[in-house]
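**Q** This is the content of target-v3.txt (compact mmCIF, C-alpha atoms):
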```
# COMPACT_ATOMS: atom_id res chain seq x y z
CA MET A 1 -19.39 32.23 2.19
CA LEU A 2 -17.75 34.73 -0.16
CA VAL A 3 -14.58 34.66 1.95
CA LEU A 4 -14.44 30.87 1.74
CA GLN A 5 -14.85 30.97 -2.02
CA LEU A 6 -12.04 33.52 -2.33
CA ILE A 7 -9.79 31.32 -0.20
CA LEU A 8 -10.52 28.31 -2.41
CA VAL A 9 -9.80 30.34 -5.55
CA TRP A 10 -6.52 31.56 -4.07
CA LYS A 11 -5.47 28.02 -3.17
CA CYS A 12 -6.28 26.83 -6.67
CA LEU A 13 -4.10 29.60 -8.08
CA LEU A 14 -1.26 28.54 -5.79
CA ILE A 15 -1.51 24.98 -7.06
CA GLN A 16 -1.50 26.13 -10.68
CA LEU A 17 1.55 28.32 -10.10
CA ALA A 18 3.39 25.50 -8.36
CA ALA A 19 2.55 23.12 -11.18
CA CYS A 20 3.73 25.54 -13.85
CA SER A 21 6.99 26.33 -12.08
CA SER A 22 7.90 22.68 -11.58
CA SER A 23 6.42 20.98 -14.63
CA LYS A 24 9.68 20.99 -16.58
CA GLU A 25 11.87 19.53 -13.87
CA ARG A 26 9.36 17.24 -12.11
CA THR A 27 7.91 15.30 -15.02
CA HIS A 28 8.05 12.02 -13.08
CA VAL A 29 6.24 13.29 -9.98
CA ASP A 30 2.60 14.34 -10.23
CA LEU A 31 1.41 17.32 -8.23
CA ALA A 32 -1.95 16.90 -6.50
CA MET A 33 -4.18 19.57 -8.03
CA SER A 34 -7.28 18.84 -5.97
CA ILE A 35 -8.56 16.70 -3.12
CA ASP A 36 -10.47 14.58 -5.62
CA GLU A 37 -7.33 13.94 -7.65
CA TYR A 38 -5.41 12.95 -4.52
CA TYR A 39 -7.96 10.36 -3.43
CA ASP A 40 -8.44 9.07 -6.97
CA THR A 41 -4.69 8.43 -7.15
CA VAL A 42 -4.13 6.85 -3.73
CA ASN A 43 -7.25 4.69 -4.07
CA SER A 44 -6.01 3.06 -7.25
CA LYS A 45 -6.49 -0.69 -7.42
CA ILE A 46 -3.65 -1.17 -9.91
CA SER A 47 -0.70 0.79 -8.53
CA TYR A 48 1.26 1.79 -5.46
CA THR A 49 1.53 5.50 -4.70
CA MET A 50 4.62 7.05 -3.13
CA VAL A 51 3.53 10.38 -1.69
CA GLU A 52 5.64 13.26 -0.40
CA PHE A 53 3.81 15.76 1.79
CA THR A 54 5.69 19.05 1.70
CA THR A 55 5.43 22.79 2.25
CA PRO A 56 7.27 25.60 0.44
CA TRP A 57 8.78 26.93 3.69
CA CYS A 58 10.15 23.58 4.95
CA HIS A 59 13.96 23.31 4.64
CA HIS A 60 13.97 19.51 4.78
CA CYS A 61 11.24 19.41 2.12
CA LYS A 62 13.49 21.35 -0.24
CA LYS A 63 16.29 18.85 0.36
CA LEU A 64 13.93 15.93 -0.25
CA LYS A 65 12.58 17.13 -3.62
CA PRO A 66 15.60 16.33 -5.83
CA ASN A 67 16.00 12.92 -4.19
CA PHE A 68 12.30 12.16 -4.61
CA LEU A 69 12.56 13.14 -8.26
CA LYS A 70 15.63 10.94 -8.66
CA LEU A 71 13.71 8.08 -7.07
CA SER A 72 10.80 8.52 -9.46
CA LYS A 73 13.15 8.43 -12.45
CA MET A 74 14.45 5.05 -11.27
CA TYR A 75 10.99 3.65 -11.99
CA GLU A 76 10.66 5.21 -15.43
CA ASN A 77 11.21 1.88 -17.21
CA ASP A 78 10.02 -0.38 -14.41
CA THR A 79 7.72 -3.12 -15.69
CA THR A 80 6.88 -4.73 -12.35
CA VAL A 81 3.18 -5.08 -11.62
CA PRO A 82 1.70 -3.27 -9.77
CA PRO A 83 3.69 -0.18 -10.81
CA VAL A 84 4.60 2.74 -8.55
CA LYS A 85 3.26 6.26 -9.03
CA PHE A 86 4.79 9.33 -7.41
CA LEU A 87 2.76 12.19 -6.02
CA GLU A 88 3.54 15.47 -4.28
CA VAL A 89 1.01 17.11 -1.97
CA ASN A 90 1.51 20.78 -1.14
CA CYS A 91 0.37 21.01 2.47
CA GLU A 92 0.40 24.79 2.34
CA VAL A 93 -2.67 24.38 0.13
CA PHE A 94 -4.22 21.24 1.63
CA GLY A 95 -3.28 21.86 5.26
CA THR A 96 -6.84 21.64 6.59
CA THR A 97 -7.87 18.67 4.45
CA ILE A 98 -5.39 16.09 3.17
CA CYS A 99 -2.58 17.16 5.50
CA ARG A 100 -4.56 17.96 8.63
CA ASP A 101 -3.21 14.99 10.62
CA MET A 102 0.43 15.40 9.59
CA PRO A 103 2.76 15.68 12.62
CA GLY A 104 5.43 17.48 10.60
CA PHE A 105 7.04 17.89 7.20
CA PRO A 106 8.14 16.33 5.03
CA MET A 107 6.21 13.09 5.40
CA ILE A 108 6.58 10.18 3.01
CA TYR A 109 3.90 7.52 2.58
CA LEU A 110 3.86 4.43 0.42
CA ILE A 111 0.21 3.59 -0.18
CA GLN A 112 -0.61 0.07 -1.28
CA PRO A 113 -3.16 -0.65 -4.01
CA ARG A 114 -6.75 -0.68 -2.84
CA VAL A 115 -8.28 -4.12 -2.41
CA LYS A 116 -11.47 -3.41 -0.47
CA PRO A 117 -14.30 -1.41 -2.05
CA LEU A 118 -14.91 2.12 -0.84
CA ILE A 119 -17.61 2.40 1.81
CA LEU A 120 -20.16 4.81 0.40
CA PRO A 121 -23.38 5.94 2.09
CA LYS A 122 -26.51 4.17 0.95
CA SER A 123 -29.09 6.21 -0.88
CA GLU A 124 -31.99 6.92 1.44
CA THR A 125 -35.41 7.16 -0.17
CA SER A 126 -37.75 7.32 2.80
CA VAL A 127 -36.05 10.01 4.87
CA PRO A 128 -37.22 13.50 5.78
CA PHE A 129 -36.41 16.33 3.39
CA TRP A 130 -34.29 18.14 5.97
CA ARG A 131 -32.05 15.08 6.35
CA LYS A 132 -31.52 14.84 2.60
CA LEU A 133 -30.69 18.53 2.52
CA TRP A 134 -28.22 18.16 5.39
CA THR A 135 -26.55 15.21 3.63
CA LYS A 136 -26.07 17.28 0.48
CA ILE A 137 -24.56 20.15 2.45
CA ARG A 138 -22.26 17.80 4.36
CA ASN A 139 -21.11 16.08 1.16
CA ARG A 140 -20.16 19.44 -0.33
CA ILE A 141 -17.83 19.97 2.63
CA GLU A 142 -16.40 16.45 2.73
CA ASP A 143 -17.04 14.11 -0.17
CA PRO A 144 -17.75 10.46 0.76
CA MET A 145 -15.13 9.48 -1.81
CA TRP A 146 -12.45 11.15 0.32
CA GLN A 147 -11.44 8.07 2.26
CA LEU A 148 -8.28 6.04 2.61
CA ASP A 149 -7.74 2.77 4.49
CA LYS A 150 -5.11 3.39 7.15
CA ASP A 151 -3.88 -0.19 6.88
CA ARG A 152 -2.72 0.58 3.31
CA ILE A 153 -0.50 3.45 4.46
CA ILE A 154 3.14 2.60 5.18
CA ASN A 155 5.08 5.49 6.67
CA TYR A 156 8.68 5.79 5.50
CA ASN A 157 11.06 6.92 8.25
CA GLY A 158 14.40 6.09 6.66
CA LYS A 159 17.02 8.21 4.96
CA ARG A 160 15.54 10.66 2.49
CA GLU A 161 17.80 9.52 -0.30
CA ALA A 162 16.84 7.76 -3.52
CA ILE A 163 18.54 4.39 -2.93
CA PRO A 164 17.18 3.76 0.61
CA MET A 165 13.70 4.83 -0.50
CA LYS A 166 13.89 2.46 -3.48
CA LYS A 167 14.94 -0.42 -1.22
CA PHE A 168 11.97 0.38 1.00
CA ILE A 169 9.55 0.28 -1.94
CA GLU A 170 10.99 -2.98 -3.24
CA SER A 171 10.83 -4.63 0.18
CA VAL A 172 7.14 -3.74 0.46
CA ARG A 173 6.39 -4.94 -3.07
CA ALA A 174 8.26 -8.21 -2.46
CA LYS A 175 6.38 -8.83 0.79
CA ASP A 176 3.02 -8.07 -0.83
CA ALA A 177 3.85 -10.35 -3.77
CA LEU A 178 4.74 -13.15 -1.35
CA VAL A 179 1.48 -12.71 0.56
CA GLU A 180 -0.47 -12.80 -2.71
CA ARG A 181 1.33 -15.97 -3.79
CA VAL A 182 0.65 -17.63 -0.43
CA ASN A 183 -3.02 -16.66 -0.64
CA ASN A 184 -3.18 -18.20 -4.11
CA VAL A 185 -1.70 -21.43 -2.77
CA LEU A 186 -4.27 -21.58 0.03
CA ASN A 187 -7.12 -20.73 -2.32
CA ASP A 188 -8.70 -24.02 -3.41
CA LYS A 189 -10.18 -22.36 -6.49
CA PHE A 190 -6.85 -20.98 -7.71
CA GLU A 191 -5.01 -23.11 -10.27
CA CYS A 192 -1.24 -22.75 -10.62
CA SER A 193 0.15 -22.26 -14.09
CA GLN A 194 2.27 -25.10 -15.45
CA ASP A 195 5.49 -23.08 -15.27
CA ASP A 196 4.88 -21.85 -11.70
CA GLU A 197 6.80 -24.51 -9.77
CA PRO A 198 6.73 -22.73 -6.36
CA CYS A 199 2.94 -22.50 -6.55
CA GLN A 200 2.62 -26.17 -7.44
CA LEU A 201 5.05 -27.10 -4.66
CA GLY A 202 3.01 -25.03 -2.21
CA LYS A 203 -0.23 -26.73 -3.22
CA ARG A 204 1.36 -30.16 -2.70
CA TYR A 205 2.81 -29.04 0.63
CA VAL A 206 -0.64 -28.08 1.87
CA LEU A 207 -2.38 -31.16 0.52
CA GLU A 208 0.21 -33.79 1.45
CA ASN A 209 1.48 -32.28 4.71
CA LEU A 210 -0.36 -29.42 6.40
CA ASP A 211 -3.86 -30.81 5.91
CA LYS A 212 -2.84 -33.94 7.81
CA LEU A 213 -1.13 -32.29 10.78
CA SER A 214 -2.61 -31.54 14.18
CA PRO A 215 -2.13 -28.08 15.78
CA LYS A 216 0.74 -29.47 17.84
CA GLN A 217 2.38 -31.00 14.77
CA LEU A 218 1.98 -27.70 12.89
CA GLY A 219 3.96 -26.04 15.66
CA GLN A 220 6.67 -28.66 15.37
CA GLU A 221 6.77 -28.20 11.60
CA ARG A 222 7.19 -24.46 12.07
CA LEU A 223 10.11 -24.96 14.47
CA LYS A 224 11.75 -27.33 12.00
CA LEU A 225 11.52 -24.88 9.09
CA GLU A 226 12.72 -21.96 11.23
CA SER A 227 15.68 -24.03 12.40
CA ILE A 228 16.68 -24.90 8.83
CA ILE A 229 16.54 -21.25 7.79
CA LYS A 230 18.50 -20.12 10.85
CA ASN A 231 21.24 -22.72 10.42
CA ALA A 232 21.55 -22.07 6.69
CA GLY A 233 22.89 -18.55 7.22
CA GLU A 234 24.20 -16.73 4.16
CA LYS A 235 25.10 -19.31 1.54
CA GLU A 236 26.84 -18.43 -1.71
CA ASP A 237 25.79 -21.56 -3.58
CA ASP A 238 22.89 -20.71 -5.90
CA ALA A 239 21.22 -24.10 -5.52
CA ILE A 240 21.24 -23.77 -1.73
CA LYS A 241 19.84 -20.24 -1.99
CA VAL A 242 16.95 -21.51 -4.11
CA ALA A 243 16.27 -24.32 -1.65
CA ILE A 244 16.26 -21.91 1.30
CA GLU A 245 13.86 -19.56 -0.51
CA LEU A 246 11.48 -22.48 -1.03
CA ILE A 247 11.70 -23.33 2.66
CA LYS A 248 10.92 -19.70 3.52
CA PHE A 249 7.96 -19.93 1.16
CA LYS A 250 6.77 -23.06 2.96
CA LEU A 251 7.09 -21.26 6.29
CA GLN A 252 4.93 -18.40 5.03
CA ILE A 253 2.34 -20.88 3.79
CA LEU A 254 2.37 -22.62 7.16
CA ASN A 255 1.93 -19.35 9.06
CA HIS A 256 -1.02 -18.28 6.91
CA PHE A 257 -2.49 -21.80 6.96
CA ASP A 258 -2.31 -21.93 10.76
CA LYS A 259 -3.85 -18.47 11.06
CA SER A 260 -6.74 -19.33 8.74
CA ASN A 261 -7.40 -22.50 10.73
CA GLU A 262 -7.54 -20.49 13.97
CA GLU A 263 -10.05 -18.11 12.40
CA GLN A 264 -12.22 -21.03 11.30
CA ILE A 265 -12.09 -22.54 14.80
CA ASN A 266 -13.17 -19.21 16.28
CA VAL A 267 -16.10 -19.04 13.88
CA TYR A 268 -17.18 -22.56 14.81
CA ASP A 269 -16.88 -21.71 18.50
CA GLU A 270 -19.14 -18.69 18.03
CA LEU A 271 -21.69 -20.82 16.21
```
Would you write the structure of this file as structure tokens?
**A**
Amino acid sequence: MLVLQLILVWKCLLIQLAACSSSKERTHVDLAMSIDEYYDTVNSKISYTMVEFTTPWCHHCKKLKPNFLKLSKMYENDTTVPPVKFLEVNCEVFGTTICRDMPGFPMIYLIQPRVKPLILPKSETSVPFWRKLWTKIRNRIEDPMWQLDKDRIINYNGKREAIPMKKFIESVRAKDALVERVNNVLNDKFECSQDDEPCQLGKRYVLENLDKLSPKQLGQERLKLESIIKNAGEKEDDAIKVAIELIKFKLQILNHFDKSNEEQINVYDEL
């Protein structure tokens, strides 16, 4: 037990030294100081987290650091919601915990904001004393709060340069924003704001078209929209670009609408 405590103290000192040595030049990238801090950050409901998993001895990690810092500075004045936070994890320190499943270094993850609640163990009142004691011991080794949905982790495998990484982040944010907008359209309880024309158009598209189509007709509608998008190609006219974007939006609504209908049919079949 004493040896384990000494190891933990030594690792904490390593983190503090790393933080002190890099605090001046890495003001835009936070350094994970503990396991709790890591999971608190990546489980945020209001921000994305771009994480670099590195080690001091990794040559490619050293090459990544200035580019990762440059990337973080690009978001210094970014006002898009949700924002993006940047985090470095020293896997020399957290190799047996946070980084234990890493295949190599460096690794770069973009972690989406948490939507689902954390699954925490229920408090047990009528259980034997030995089980309560074992639960306390186990929780000291691995806290129930140390959990992360794998479906929120997007592994970045592109060039480790600032511009490609920024394009990656923006593509994920744009896709997530589109999914959220589509979900709002399909949510009967959601009311579009007066100045949100795409949302209003989507609501009308569902009410006046999709709700009245059979599964076969939905398939035909999908083929029609896909054909329009394919034949449009790359147009320079701004009006045409806007029209094509609306058609793409309709296609996304249709795809989600069709999927939700299939799920409802499956539920009815089970009943």
**Q** Using only C-alpha atoms, what table do you get, as a tab-separated table, when you list each residue of range 140-241 of chain A with an atom no more than 7 Å from range 97-112 of chain A, its nearest pair of atoms, and their distance in Å rounded to one decimal, rows by chain then rising number?
**A**
```
residue	atom	partner	partner_atom	distance
A:Arg152	CA	A:Gln112	CA	5.1
A:Ile153	CA	A:Ile111	CA	4.7
A:Ile154	CA	A:Leu110	CA	5.2
A:Asn155	CA	A:Tyr109	CA	4.7
A:Tyr156	CA	A:Ile108	CA	5.5
```
**Q** Considering all atoms listed in the file, can you say which of A:Leu254, A:Met33, A:Val81, A:Val172 comes closest to Tyr205 in chain A?
**A** A:Leu254
**Q** If you measure from CA of Lys166 in chain A to CA of Ile240 in chain A, what distance in Å do you get, rounded to one decimal?
**A**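 Interatomic distance, CA of Lys166 in chain A to CA of Ile240 in chain A: 27.3 Å.
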**Q** I'd like the interatomic distance between CA of Asp195 in chain A and CA of Lys175 in chain A, to a tenth of an Å.
**A** 21.5 Å
**Q** Could you check which of A:Pro113, A:Pro215, A:Pro164, A:Gly202 is closest to Asp40 in chain A, using all atoms listed in the file?
**A** A:Pro113
**Q** What gap, in Å, lies between CA of Ser193 in chain A and CA of Glu245 in chain A?
**A**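 Separating CA of Ser193 in chain A from CA of Glu245 in chain A is a distance of 19.5 Å.
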**Q** Would you pick out the contacts of Glu161 in chain A at 9 Å or less, using all atoms listed in the file, so that residues sharing its chain but fewer than 2 positions from it are not included, and give the list as a VMD selection string?
**A** chain A and resid 64 67 to 68 70 to 71 158 to 159 163 to 166
**Q** Those same residues, written as a short mmCIF file (atom, residue, chain, number, x, y, z; two decimals), in the coordinates of the input with C-alpha atoms?
**A**
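Below is the file that was written, result03.cif:
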```cif
data_model
loop_
_atom_site.label_atom_id
_atom_site.label_comp_id
_atom_site.auth_asym_id
_atom_site.auth_seq_id
_atom_site.Cartn_x
_atom_site.Cartn_y
_atom_site.Cartn_z
CA LEU A 64 13.93 15.93 -0.25
CA ASN A 67 16.00 12.92 -4.19
CA PHE A 68 12.30 12.16 -4.61
CA LYS A 70 15.63 10.94 -8.66
CA LEU A 71 13.71 8.08 -7.07
CA GLY A 158 14.40 6.09 6.66
CA LYS A 159 17.02 8.21 4.96
CA ILE A 163 18.54 4.39 -2.93
CA PRO A 164 17.18 3.76 0.61
CA MET A 165 13.70 4.83 -0.50
CA LYS A 166 13.89 2.46 -3.48
#
```
**Q** Which of these residues is nearest to Tyr39 in chain A, using only C-alpha atoms: A:Gln147, A:Asn255, A:Asn209, A:Gln220?
**A**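 Once distances to Tyr39 in chain A are computed over only C-alpha atoms, the minimum belongs to A:Gln147.
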**Q** Would you kindly return, as a short mmCIF file (atom, residue, chain, number, x, y, z; two decimals) with C-alpha atoms, in the frame of the given file, each protein, DNA or RNA residue with an atom no farther than 12 Å from any atom of Lys224 in chain A, considering all atoms listed in the file and excluding same-chain residues fewer than 3 positions away?
**A**
```cif
data_model
loop_
_atom_site.label_atom_id
_atom_site.label_comp_id
_atom_site.auth_asym_id
_atom_site.auth_seq_id
_atom_site.Cartn_x
_atom_site.Cartn_y
_atom_site.Cartn_z
CA GLN A 217 2.38 -31.00 14.77
CA LEU A 218 1.98 -27.70 12.89
CA GLY A 219 3.96 -26.04 15.66
CA GLN A 220 6.67 -28.66 15.37
CA GLU A 221 6.77 -28.20 11.60
CA SER A 227 15.68 -24.03 12.40
CA ILE A 228 16.68 -24.90 8.83
CA ILE A 229 16.54 -21.25 7.79
CA LYS A 230 18.50 -20.12 10.85
CA ASN A 231 21.24 -22.72 10.42
CA ILE A 247 11.70 -23.33 2.66
CA LYS A 248 10.92 -19.70 3.52
CA LYS A 250 6.77 -23.06 2.96
CA LEU A 251 7.09 -21.26 6.29
CA LEU A 254 2.37 -22.62 7.16
#
```
**Q** Here is a test: counting all atoms listed in the file, which residue of A:His256, A:Arg181, A:Lys65, A:Lys150 is nearest to Asp196 in chain A?
**A** A:Arg181
**Q** Would you mind putting N, CA and C atoms back on range 181-210 of chain A and writing the result as an mmCIF file, in the coordinates of the input?
**A**
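Written file, selection_9.cif:
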```cif
data_model
loop_
_atom_site.group_PDB
_atom_site.id
_atom_site.type_symbol
_atom_site.label_atom_id
_atom_site.label_comp_id
_atom_site.auth_asym_id
_atom_site.auth_seq_id
_atom_site.Cartn_x
_atom_site.Cartn_y
_atom_site.Cartn_z
ATOM 1 N N ARG A 181 1.023 -14.610 -3.327
ATOM 2 C CA ARG A 181 1.330 -15.970 -3.790
ATOM 3 C C ARG A 181 0.874 -17.009 -2.769
ATOM 4 N N VAL A 182 1.093 -16.709 -1.494
ATOM 5 C CA VAL A 182 0.650 -17.630 -0.430
ATOM 6 C C VAL A 182 -0.870 -17.753 -0.439
ATOM 7 N N ASN A 183 -1.553 -16.633 -0.589
ATOM 8 C CA ASN A 183 -3.020 -16.660 -0.640
ATOM 9 C C ASN A 183 -3.519 -17.485 -1.820
ATOM 10 N N ASN A 184 -2.806 -17.401 -2.937
ATOM 11 C CA ASN A 184 -3.180 -18.200 -4.110
ATOM 12 C C ASN A 184 -3.013 -19.697 -3.822
ATOM 13 N N VAL A 185 -1.937 -20.027 -3.117
ATOM 14 C CA VAL A 185 -1.700 -21.430 -2.770
ATOM 15 C C VAL A 185 -2.817 -21.961 -1.872
ATOM 16 N N LEU A 186 -3.250 -21.144 -0.928
ATOM 17 C CA LEU A 186 -4.270 -21.580 0.030
ATOM 18 C C LEU A 186 -5.690 -21.462 -0.519
ATOM 19 N N ASN A 187 -5.808 -20.868 -1.687
ATOM 20 C CA ASN A 187 -7.120 -20.730 -2.320
ATOM 21 C C ASN A 187 -7.415 -21.985 -3.153
ATOM 22 N N ASP A 188 -8.383 -22.759 -2.721
ATOM 23 C CA ASP A 188 -8.700 -24.020 -3.410
ATOM 24 C C ASP A 188 -9.129 -23.803 -4.856
ATOM 25 N N LYS A 189 -9.677 -22.633 -5.143
ATOM 26 C CA LYS A 189 -10.180 -22.360 -6.490
ATOM 27 C C LYS A 189 -9.083 -21.865 -7.434
ATOM 28 N N PHE A 190 -7.928 -21.514 -6.868
ATOM 29 C CA PHE A 190 -6.850 -20.980 -7.710
ATOM 30 C C PHE A 190 -6.032 -22.135 -8.291
ATOM 31 N N GLU A 191 -5.805 -22.083 -9.600
ATOM 32 C CA GLU A 191 -5.010 -23.110 -10.270
ATOM 33 C C GLU A 191 -3.661 -22.528 -10.678
ATOM 34 N N CYS A 192 -2.591 -23.203 -10.274
ATOM 35 C CA CYS A 192 -1.240 -22.750 -10.620
ATOM 36 C C CYS A 192 -0.984 -22.975 -12.109
ATOM 37 N N SER A 193 -0.258 -22.061 -12.703
ATOM 38 C CA SER A 193 0.150 -22.260 -14.090
ATOM 39 C C SER A 193 1.201 -23.362 -14.152
ATOM 40 N N GLN A 194 1.357 -23.960 -15.310
ATOM 41 C CA GLN A 194 2.270 -25.100 -15.450
ATOM 42 C C GLN A 194 3.723 -24.728 -15.187
ATOM 43 N N ASP A 195 4.090 -23.484 -15.453
ATOM 44 C CA ASP A 195 5.490 -23.080 -15.270
ATOM 45 C C ASP A 195 5.740 -22.450 -13.894
ATOM 46 N N ASP A 196 4.725 -22.434 -13.034
ATOM 47 C CA ASP A 196 4.880 -21.850 -11.700
ATOM 48 C C ASP A 196 5.166 -22.974 -10.695
ATOM 49 N N GLU A 197 6.424 -23.388 -10.635
ATOM 50 C CA GLU A 197 6.800 -24.510 -9.770
ATOM 51 C C GLU A 197 6.605 -24.208 -8.278
ATOM 52 N N PRO A 198 6.967 -23.002 -7.788
ATOM 53 C CA PRO A 198 6.730 -22.730 -6.360
ATOM 54 C C PRO A 198 5.262 -22.853 -5.966
ATOM 55 N N CYS A 199 4.374 -22.399 -6.835
ATOM 56 C CA CYS A 199 2.940 -22.500 -6.550
ATOM 57 C C CYS A 199 2.515 -23.958 -6.478
ATOM 58 N N GLN A 200 2.970 -24.752 -7.429
ATOM 59 C CA GLN A 200 2.620 -26.170 -7.440
ATOM 60 C C GLN A 200 3.199 -26.880 -6.207
ATOM 61 N N LEU A 201 4.435 -26.521 -5.850
ATOM 62 C CA LEU A 201 5.050 -27.100 -4.660
ATOM 63 C C LEU A 201 4.248 -26.734 -3.414
ATOM 64 N N GLY A 202 3.800 -25.477 -3.354
ATOM 65 C CA GLY A 202 3.010 -25.030 -2.210
ATOM 66 C C GLY A 202 1.700 -25.777 -2.094
ATOM 67 N N LYS A 203 1.037 -25.983 -3.229
ATOM 68 C CA LYS A 203 -0.230 -26.730 -3.220
ATOM 69 C C LYS A 203 -0.009 -28.153 -2.701
ATOM 70 N N ARG A 204 1.064 -28.790 -3.156
ATOM 71 C CA ARG A 204 1.360 -30.160 -2.700
ATOM 72 C C ARG A 204 1.704 -30.167 -1.212
ATOM 73 N N TYR A 205 2.419 -29.134 -0.782
ATOM 74 C CA TYR A 205 2.810 -29.040 0.630
ATOM 75 C C TYR A 205 1.580 -28.952 1.533
ATOM 76 N N VAL A 206 0.595 -28.201 1.093
ATOM 77 C CA VAL A 206 -0.640 -28.080 1.870
ATOM 78 C C VAL A 206 -1.411 -29.391 1.862
ATOM 79 N N LEU A 207 -1.560 -29.960 0.674
ATOM 80 C CA LEU A 207 -2.380 -31.160 0.520
ATOM 81 C C LEU A 207 -1.756 -32.384 1.185
ATOM 82 N N GLU A 208 -0.452 -32.561 0.995
ATOM 83 C CA GLU A 208 0.210 -33.790 1.450
ATOM 84 C C GLU A 208 0.761 -33.682 2.872
ATOM 85 N N ASN A 209 0.874 -32.450 3.387
ATOM 86 C CA ASN A 209 1.480 -32.280 4.710
ATOM 87 C C ASN A 209 0.565 -31.539 5.688
ATOM 88 N N LEU A 210 0.323 -30.258 5.413
ATOM 89 C CA LEU A 210 -0.360 -29.420 6.400
ATOM 90 C C LEU A 210 -1.770 -29.896 6.711
#
```
